[in-house]
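J.: structure.txt is reproduced in full below (compact mmCIF, C-alpha atoms).
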# COMPACT_ATOMS: atom_id res chain seq x y z
CA MET A 1 80.49 87.42 108.03
CA ALA A 2 83.68 89.09 109.32
CA HIS A 3 85.83 87.23 111.82
CA GLN A 4 88.41 88.86 114.02
CA ALA A 5 92.04 87.77 113.62
CA HIS A 6 92.93 88.59 117.23
CA ALA A 7 91.96 87.45 120.73
CA TYR A 8 90.73 90.79 122.03
CA HIS A 9 87.19 92.03 122.59
CA MET A 10 85.92 94.87 120.40
CA VAL A 11 82.66 95.66 122.18
CA ASP A 12 79.40 96.50 120.42
CA PRO A 13 78.28 100.15 120.74
CA SER A 14 76.42 100.47 124.03
CA PRO A 15 74.13 103.12 125.53
CA TRP A 16 74.90 102.23 129.15
CA PRO A 17 77.89 104.53 129.74
CA LEU A 18 75.68 107.46 128.70
CA THR A 19 72.68 106.39 130.80
CA GLY A 20 75.01 105.75 133.73
CA ALA A 21 76.54 109.21 133.45
CA VAL A 22 73.10 110.80 133.28
CA ALA A 23 72.06 108.74 136.32
CA ALA A 24 75.00 110.18 138.25
CA LEU A 25 74.01 113.69 137.13
CA LEU A 26 70.40 113.18 138.19
CA MET A 27 71.34 111.73 141.57
CA THR A 28 73.70 114.57 142.43
CA SER A 29 71.56 117.41 141.15
CA GLY A 30 68.53 115.62 142.64
CA LEU A 31 70.30 115.66 145.99
CA ALA A 32 70.73 119.44 145.70
CA ILE A 33 67.08 119.85 144.69
CA TRP A 34 66.03 117.79 147.70
CA PHE A 35 68.08 119.92 150.05
CA HIS A 36 66.77 123.24 148.71
CA PHE A 37 63.29 122.53 147.35
CA HIS A 38 62.18 119.44 149.34
CA SER A 39 61.43 117.35 146.21
CA THR A 40 62.88 113.84 145.92
CA THR A 41 61.62 113.15 142.38
CA LEU A 42 64.84 113.87 140.50
CA MET A 43 66.97 111.90 142.92
CA THR A 44 64.61 108.92 142.76
CA LEU A 45 64.63 109.09 138.98
CA GLY A 46 68.43 109.07 139.05
CA LEU A 47 68.43 106.05 141.36
CA ALA A 48 66.01 104.15 139.10
CA LEU A 49 68.18 104.99 136.10
CA LEU A 50 71.28 103.80 137.96
CA LEU A 51 69.67 100.46 138.80
CA LEU A 52 68.47 99.98 135.21
CA THR A 53 71.94 100.84 133.88
CA MET A 54 73.71 98.47 136.27
CA TYR A 55 71.30 95.62 135.54
CA GLN A 56 71.54 95.96 131.72
CA TRP A 57 75.28 96.66 131.56
CA TRP A 58 76.24 93.66 133.70
CA ARG A 59 73.65 91.51 131.89
CA ASP A 60 75.41 92.43 128.63
CA ILE A 61 78.83 91.48 130.08
CA VAL A 62 77.43 88.06 131.05
CA ARG A 63 76.09 87.68 127.50
CA GLU A 64 79.41 88.72 125.95
CA GLY A 65 81.43 86.34 128.13
CA THR A 66 79.26 83.30 128.71
CA PHE A 67 77.10 83.30 125.57
CA GLN A 68 79.33 84.91 122.94
CA GLY A 69 82.72 83.62 124.10
CA HIS A 70 84.48 86.98 124.06
CA HIS A 71 86.32 86.42 127.37
CA THR A 72 89.44 84.78 125.96
CA PRO A 73 92.54 84.44 128.22
CA PRO A 74 93.98 87.88 127.33
CA VAL A 75 90.58 89.49 127.87
CA GLN A 76 90.18 87.70 131.21
CA LYS A 77 93.62 88.96 132.22
CA GLY A 78 92.42 92.51 131.56
CA LEU A 79 89.31 91.90 133.65
CA ARG A 80 91.51 90.61 136.49
CA TYR A 81 93.68 93.73 136.35
CA GLY A 82 90.53 95.84 136.32
CA MET A 83 89.06 94.22 139.41
CA ILE A 84 92.38 94.43 141.27
CA LEU A 85 92.72 98.12 140.45
CA PHE A 86 89.15 98.79 141.49
CA ILE A 87 89.61 97.05 144.86
CA THR A 88 92.86 98.99 145.34
CA SER A 89 90.97 102.25 144.81
CA GLU A 90 88.46 101.13 147.45
CA VAL A 91 91.33 100.40 149.84
CA PHE A 92 92.43 104.02 149.45
CA PHE A 93 88.86 105.16 150.02
CA PHE A 94 88.79 103.42 153.40
CA LEU A 95 92.32 104.54 154.19
CA GLY A 96 91.00 108.11 154.24
CA PHE A 97 88.46 107.30 156.93
CA PHE A 98 91.03 105.44 159.00
CA TRP A 99 93.31 108.49 158.66
CA ALA A 100 90.51 110.69 160.00
CA PHE A 101 89.93 108.30 162.91
CA TYR A 102 93.58 108.08 163.91
CA HIS A 103 94.09 111.83 163.47
CA SER A 104 91.35 112.55 166.01
CA SER A 105 91.96 109.65 168.39
CA LEU A 106 95.76 109.75 168.73
CA ALA A 107 95.77 113.41 169.86
CA PRO A 108 92.36 114.09 171.43
CA THR A 109 91.64 117.82 171.75
CA PRO A 110 90.71 119.58 175.01
CA GLU A 111 87.14 119.93 173.70
CA LEU A 112 86.84 116.13 173.91
CA GLY A 113 88.28 116.07 177.42
CA GLY A 114 91.79 115.29 176.22
CA CYS A 115 91.00 111.56 176.16
CA TRP A 116 89.75 108.86 173.79
CA PRO A 117 86.98 107.79 173.90
CA PRO A 118 85.85 111.40 174.48
CA THR A 119 84.19 112.35 177.76
CA GLY A 120 80.53 111.36 177.83
CA ILE A 121 80.76 108.73 175.08
CA VAL A 122 79.57 105.26 176.12
CA THR A 123 81.30 102.90 173.71
CA LEU A 124 80.06 99.52 172.49
CA ASP A 125 81.58 96.48 174.20
CA PRO A 126 83.97 95.01 171.61
CA PHE A 127 83.50 91.52 173.02
CA GLU A 128 79.77 91.38 172.44
CA VAL A 129 78.04 91.86 169.04
CA PRO A 130 81.16 93.26 167.31
CA LEU A 131 83.04 90.05 168.15
CA LEU A 132 80.15 87.96 166.82
CA ASN A 133 80.25 90.05 163.64
CA THR A 134 83.94 89.29 163.31
CA ALA A 135 83.27 85.56 163.65
CA VAL A 136 80.44 85.78 161.09
CA LEU A 137 82.62 87.46 158.47
CA LEU A 138 85.57 85.15 159.07
CA ALA A 139 83.24 82.16 158.69
CA SER A 140 81.90 83.63 155.46
CA GLY A 141 85.48 83.84 154.20
CA VAL A 142 85.80 80.12 154.80
CA THR A 143 82.49 79.31 153.06
CA VAL A 144 83.34 81.42 150.00
CA THR A 145 86.66 79.54 149.68
CA TRP A 146 84.74 76.28 150.01
CA ALA A 147 82.45 77.50 147.20
CA HIS A 148 85.44 78.29 145.00
CA HIS A 149 86.96 74.85 145.44
CA SER A 150 83.57 73.26 144.79
CA ILE A 151 83.27 75.14 141.50
CA MET A 152 86.80 74.18 140.48
CA GLU A 153 86.12 70.53 141.25
CA GLY A 154 82.80 70.51 139.40
CA GLU A 155 80.77 69.87 142.58
CA ARG A 156 77.60 71.72 141.58
CA LYS A 157 75.46 71.06 144.66
CA GLN A 158 78.24 71.82 147.15
CA ALA A 159 79.03 75.04 145.32
CA ILE A 160 75.39 76.12 145.57
CA HIS A 161 75.21 75.21 149.27
CA SER A 162 78.43 76.96 150.27
CA LEU A 163 77.67 80.06 148.21
CA THR A 164 74.19 80.28 149.75
CA LEU A 165 75.72 79.93 153.21
CA THR A 166 78.16 82.76 152.43
CA ILE A 167 75.31 85.03 151.40
CA LEU A 168 73.26 84.15 154.49
CA LEU A 169 76.23 84.97 156.71
CA GLY A 170 76.52 88.30 154.91
CA PHE A 171 72.85 89.03 155.59
CA TYR A 172 73.30 87.98 159.22
CA PHE A 173 76.17 90.46 159.59
CA THR A 174 74.06 93.24 158.09
CA LEU A 175 71.14 92.41 160.39
CA LEU A 176 73.35 92.38 163.50
CA GLN A 177 74.99 95.64 162.48
CA ALA A 178 71.59 97.27 161.85
CA MET A 179 70.48 96.24 165.33
CA GLU A 180 73.71 97.63 166.80
CA TYR A 181 73.12 100.93 165.01
CA TYR A 182 69.61 101.11 166.41
CA GLU A 183 70.68 100.30 169.98
CA ALA A 184 73.89 102.39 170.05
CA PRO A 185 74.09 104.88 172.94
CA PHE A 186 75.69 107.50 170.65
CA THR A 187 74.79 108.97 167.24
CA ILE A 188 76.63 110.33 164.20
CA ALA A 189 76.07 113.82 165.65
CA ASP A 190 78.05 113.03 168.81
CA GLY A 191 81.22 114.87 167.93
CA VAL A 192 84.16 113.43 166.07
CA TYR A 193 83.71 110.04 167.75
CA GLY A 194 80.24 109.66 166.29
CA SER A 195 81.32 110.94 162.87
CA THR A 196 84.33 108.65 162.50
CA PHE A 197 82.47 105.63 163.89
CA PHE A 198 79.36 105.85 161.73
CA VAL A 199 81.02 107.02 158.51
CA ALA A 200 83.67 104.27 158.61
CA THR A 201 81.35 101.45 159.73
CA GLY A 202 78.52 102.81 157.58
CA PHE A 203 80.54 102.68 154.37
CA HIS A 204 81.76 99.25 155.38
CA GLY A 205 78.17 98.09 155.84
CA LEU A 206 77.31 99.43 152.39
CA HIS A 207 80.17 97.39 150.96
CA VAL A 208 78.89 94.28 152.73
CA ILE A 209 75.53 94.81 151.02
CA ILE A 210 77.23 95.34 147.64
CA GLY A 211 79.38 92.23 148.17
CA SER A 212 76.38 90.13 149.21
CA THR A 213 74.51 91.26 146.09
CA PHE A 214 77.49 90.37 143.89
CA LEU A 215 77.64 86.91 145.50
CA ALA A 216 73.87 86.50 145.04
CA VAL A 217 74.24 87.19 141.33
CA CYS A 218 77.02 84.58 141.24
CA LEU A 219 74.70 82.10 142.96
CA LEU A 220 72.06 82.75 140.32
CA ARG A 221 74.64 82.20 137.58
CA GLN A 222 75.97 79.03 139.23
CA VAL A 223 72.42 77.61 139.36
CA LYS A 224 72.04 78.46 135.68
CA TYR A 225 75.22 76.57 134.71
CA HIS A 226 77.18 79.67 133.66
CA PHE A 227 80.38 78.70 135.49
CA THR A 228 82.75 75.95 134.35
CA SER A 229 85.46 74.41 136.47
CA ASP A 230 88.20 76.42 134.79
CA HIS A 231 86.33 79.57 133.75
CA HIS A 232 84.42 81.39 136.48
CA PHE A 233 86.03 84.79 136.76
CA GLY A 234 82.79 86.52 137.83
CA PHE A 235 82.78 84.35 140.92
CA GLU A 236 86.48 84.97 141.59
CA ALA A 237 85.93 88.73 141.36
CA ALA A 238 83.05 88.46 143.86
CA ALA A 239 85.20 86.35 146.18
CA TRP A 240 88.10 88.87 146.03
CA TYR A 241 85.67 91.67 146.83
CA TRP A 242 84.25 89.67 149.71
CA HIS A 243 87.70 89.02 151.20
CA PHE A 244 88.45 92.74 150.89
CA VAL A 245 85.23 93.56 152.83
CA ASP A 246 86.27 91.04 155.48
CA VAL A 247 89.76 92.56 155.85
CA VAL A 248 88.34 96.09 156.14
CA TRP A 249 86.10 94.85 158.96
CA LEU A 250 89.11 93.35 160.78
CA PHE A 251 90.87 96.72 160.65
CA LEU A 252 87.68 98.48 161.79
CA TYR A 253 87.22 96.04 164.64
CA VAL A 254 90.78 96.30 165.92
CA SER A 255 91.07 100.11 165.48
CA ILE A 256 87.66 101.58 166.26
CA TYR A 257 85.87 98.95 168.30
CA TRP A 258 88.75 97.53 170.32
CA TRP A 259 91.63 100.03 170.57
CA GLY A 260 89.21 102.97 170.40
CA SER A 261 87.05 101.82 173.30
CA ILE B 262 45.89 111.30 153.88
CA PRO B 263 49.08 109.19 154.16
CA ALA B 264 52.21 110.75 152.70
CA TRP B 265 52.74 108.04 150.10
CA LEU B 266 49.24 108.50 148.73
CA GLN B 267 49.65 112.26 148.60
CA ARG B 268 52.56 111.87 146.27
CA CYS B 269 50.79 109.32 144.04
CA ARG B 270 49.80 111.38 141.04
CA PHE B 271 50.28 110.55 137.37
CA GLY B 272 53.69 111.56 136.14
CA ALA B 273 57.33 111.02 137.03
CA VAL B 274 56.65 109.92 140.63
CA PHE B 275 54.31 107.17 139.45
CA LYS B 276 56.75 106.07 136.76
CA THR B 277 60.03 106.27 138.61
CA GLU B 278 59.16 105.08 142.09
CA LEU B 279 56.85 102.34 140.89
CA SER B 280 59.35 101.16 138.30
CA LEU B 281 62.08 101.22 140.95
CA PHE B 282 59.90 99.15 143.25
CA PHE B 283 59.21 96.55 140.59
CA LEU B 284 62.81 96.43 139.49
CA VAL B 285 63.99 95.73 143.03
CA LEU B 286 61.25 93.15 143.51
CA PHE B 287 62.14 91.47 140.23
CA LEU B 288 65.84 91.35 141.04
CA PHE B 289 65.47 90.02 144.56
CA GLN B 290 62.70 87.52 144.03
CA LYS B 291 64.56 85.44 141.48
CA VAL B 292 67.44 84.37 143.74
CA PRO B 293 65.57 82.60 146.56
CA VAL B 294 63.18 80.94 144.08
CA LEU B 295 65.99 79.52 141.97
CA ALA B 296 68.12 78.58 144.98
CA THR B 297 65.17 76.69 146.46
CA ARG B 298 64.67 74.77 143.21
CA ALA B 299 68.35 73.92 143.11
CA PHE B 300 68.22 72.56 146.67
CA SER B 301 65.12 70.38 146.41
CA SER B 302 65.90 66.90 145.17
CA SER B 303 62.23 66.12 144.59
CA ALA B 304 61.61 69.02 142.18
CA ARG B 305 62.65 68.67 138.57
CA GLN B 306 66.34 69.59 138.21
CA MET B 307 67.24 72.96 136.71
CA LYS B 308 68.09 72.44 133.04
CA ASN B 309 71.21 73.81 131.44
CA LYS B 310 69.97 76.43 129.02
CA VAL B 311 73.38 77.91 128.22
CA PRO B 312 73.68 76.23 124.76
CA GLU B 313 70.34 77.78 123.73
CA ALA B 314 71.48 81.20 124.94
CA GLN B 315 74.76 80.77 123.09
CA LYS B 316 72.86 80.06 119.89
CA LEU B 317 70.62 83.11 120.39
CA PHE B 318 73.45 85.54 121.10
CA GLN B 319 75.72 84.22 118.35
CA ALA B 320 73.04 84.52 115.66
CA ASP B 321 74.38 86.47 112.68
CA ASN B 322 71.73 89.22 112.70
CA GLY B 323 73.91 92.30 113.24
CA LEU B 324 72.11 93.23 116.48
CA PRO B 325 74.19 94.80 119.28
CA VAL B 326 74.35 92.73 122.45
CA HIS B 327 72.11 95.07 124.46
CA ILE B 328 69.05 94.33 122.32
CA LYS B 329 69.99 90.92 120.95
CA GLY B 330 67.87 89.09 123.52
CA GLY B 331 64.52 90.14 122.06
CA THR B 332 61.49 92.30 122.84
CA THR B 333 62.13 92.65 126.58
CA ASP B 334 65.57 94.09 125.79
CA VAL B 335 64.08 96.70 123.47
CA LEU B 336 61.38 97.68 125.98
CA MET B 337 63.87 98.01 128.81
CA TYR B 338 66.21 100.03 126.60
CA ARG B 339 63.41 102.38 125.61
CA ALA B 340 62.31 102.82 129.23
CA THR B 341 65.90 103.56 130.25
CA MET B 342 66.40 106.07 127.44
CA THR B 343 63.10 107.78 128.26
CA LEU B 344 64.19 108.27 131.86
CA THR B 345 67.58 109.51 130.63
CA ILE B 346 66.12 112.15 128.33
CA ALA B 347 63.30 113.19 130.66
CA GLY B 348 65.67 113.43 133.62
CA ASN B 349 68.19 115.42 131.62
CA MET B 350 65.50 117.88 130.55
CA GLN B 351 64.41 118.32 134.16
CA THR B 352 67.96 118.92 135.37
CA TRP B 353 68.70 121.65 132.86
CA SER B 354 65.30 123.39 132.86
CA GLU B 355 64.95 126.72 134.70
CA LYS B 356 61.75 125.59 136.39
CA LEU B 357 60.89 122.33 138.12
CA LEU B 358 58.56 120.47 135.77
CA TRP B 359 57.24 118.17 138.51
In structure tokens, what does this structure look like?
T.:
Amino acid sequence: MAHQAHAYHMVDPSPWPLTGAVAALLMTSGLAIWFHFHSTTLMTLGLALLLLTMYQWWRDIVREGTFQGHHTPPVQKGLRYGMILFITSEVFFFLGFFWAFYHSSLAPTPELGGCWPPTGIVTLDPFEVPLLNTAVLLASGVTVTWAHHSIMEGERKQAIHSLTLTILLGFYFTLLQAMEYYEAPFTIADGVYGSTFFVATGFHGLHVIIGSTFLAVCLLRQVKYHFTSDHHFGFEAAAWYWHFVDVVWLFLYVSIYWWGS
Amino acid sequence: IPAWLQRCRFGAVFKTELSLFFLVLFLFQKVPVLATRAFSSSARQMKNKVPEAQKLFQADNGLPVHIKGGTTDVLMYRATMTLTIAGNMQTWSEKLLW
């Protein structure tokens, strides 16, 4: 049996990069087929393939780290760099939408009435549900930090409680935001105000759902004893992502909901 | 006839949408069940099965990690590969197969 003489991780050959790439192909071409030929089959197939790929790929990473011991300190360092770089790329993604918002709102065109909010747009009161949403996400930032300290101190039950609370707060945010979307007096088709509002907050909402799912997986792993008090990078990555989602909301709230109203 | 029933015919729709449904159900049902067990002090405590998993995945059998877990792994891999190949064929074919 061969043993490696280094601390790095030489991964086993895996089919998931290929299936993931094909999933992306099917979803994009499926989208085009849906637009032109009214059939959603290909797109749905692509989505199913994406979910299968994500489940199996991440399952394999858990196996490699927790069950096979491949996540040595240098490997963990690489994973940290990876997560930081990924979150940075997401920051740039949102930066684009903020650029679009400020471009349109700082110099409103005559077509909008030369003012912001544009003529005819009834904005949401920033001190009602949006303020509650802010409080919910800030509270979830506190609970996720509580969860982290609980894990580090070996407090299993507290970690489970605080992590569950974080996830529930995330769901509460999503529910409130969904209700706001339903009740909003304007739509995505209402000029550049509608576009910038719903695209920016919509992508943010998607990230809240992604973050909540990541935390839910961490909860499952915590219950199954995967995390130790000094090795729990999966949880740390989820917590970083969650803080990022929270910060994006704060910018959204201040720029679009408050200043933009 | 309701729209969902109209689309229910044997073939890719049956396979993909149904499999998607079950996958989502499977993924989301586990969390609340396990969290509830972890909360209740009266129920038997969740056992630490990590050492068993470590033994399984460190077995010297030459299997790659994606099928090292057993039969379920192989079935899921085959299902995934089937969708990959079938979907690829559909994308590149001149005519919509379904």
J.: Please list, as a PyMOL selection string, the residues that have an atom at most 12 Å away from (82.4, 82.3, 126.3) in the coordinates of this file, counting all atoms listed in the file.
T.: (chain A and resi 9+61-73+75-76+226-228+230-233) or (chain B and resi 311-312+314-316+318-319)
J.: Identify every residue of chain A that has at least one atom within 7 Å of any atom of chain B, counting only C-alpha atoms, and report the result as a list in words.
T.: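 Here they are: Asp12, Pro13, Ser14, Thr19, Val22, Leu26, Ser29, Thr41, Leu42, Thr44, Leu45, Ala48, Leu49, Leu52, Asp60, Phe67, Gln68, Ala216, Leu220, Val223, Lys224, Tyr225 and His226 of chain A.
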J.: What does the structure give for the distance between CA of Phe197 in chain A and CA of Leu137 in chain A, in Å to one decimal?
T.: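 We find that CA of Phe197 in chain A and CA of Leu137 in chain A lie 19.0 Å from each other.
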J.: Would you work out the distance separating CA of Glu236 in chain A from CA of Met54 in chain A, expressed in Å to one decimal?
T.: 19.3 Å
J.: Could you tell me how far CA of Trp242 in chain A sits from CA of Gly211 in chain A, in Å to one decimal place?
T.: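 That distance, rounded to one decimal, is 5.7 Å.
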J.: Counting all atoms listed in the file, note down every residue that has an atom within 12 Å of the point (91.7, 102.9, 164.7) (file coordinates), as JSON, numbers by chain.
T.: {"A": [94, 95, 96, 97, 98, 99, 100, 101, 102, 103, 104, 105, 106, 116, 117, 193, 196, 197, 200, 201, 248, 249, 250, 251, 252, 253, 254, 255, 256, 257, 258, 259, 260, 261]}
J.: Can you tell me, as a ChimeraX atom specification, what residues are no more than 9 Å from Gln158 in chain A when counting all atoms listed in the file, ignoring any on the same chain fewer than 5 positions away?
T.: /A:146-147,150-151,163
J.: When distances are computed from all atoms listed in the file, which of A:Val122, A:Thr143, A:Leu131, A:Arg156 shows the smallest separation from Gly194 in chain A?
T.: A:Val122
J.: Under the rule that all atoms listed in the file are counted, which of A:Gly46, A:Thr123, A:Val245, A:Gln56 is the nearest residue to Val335 in chain B?
T.: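 Nearest candidate to Val335 in chain B out of A:Gly46, A:Thr123, A:Val245, A:Gln56: A:Gln56.
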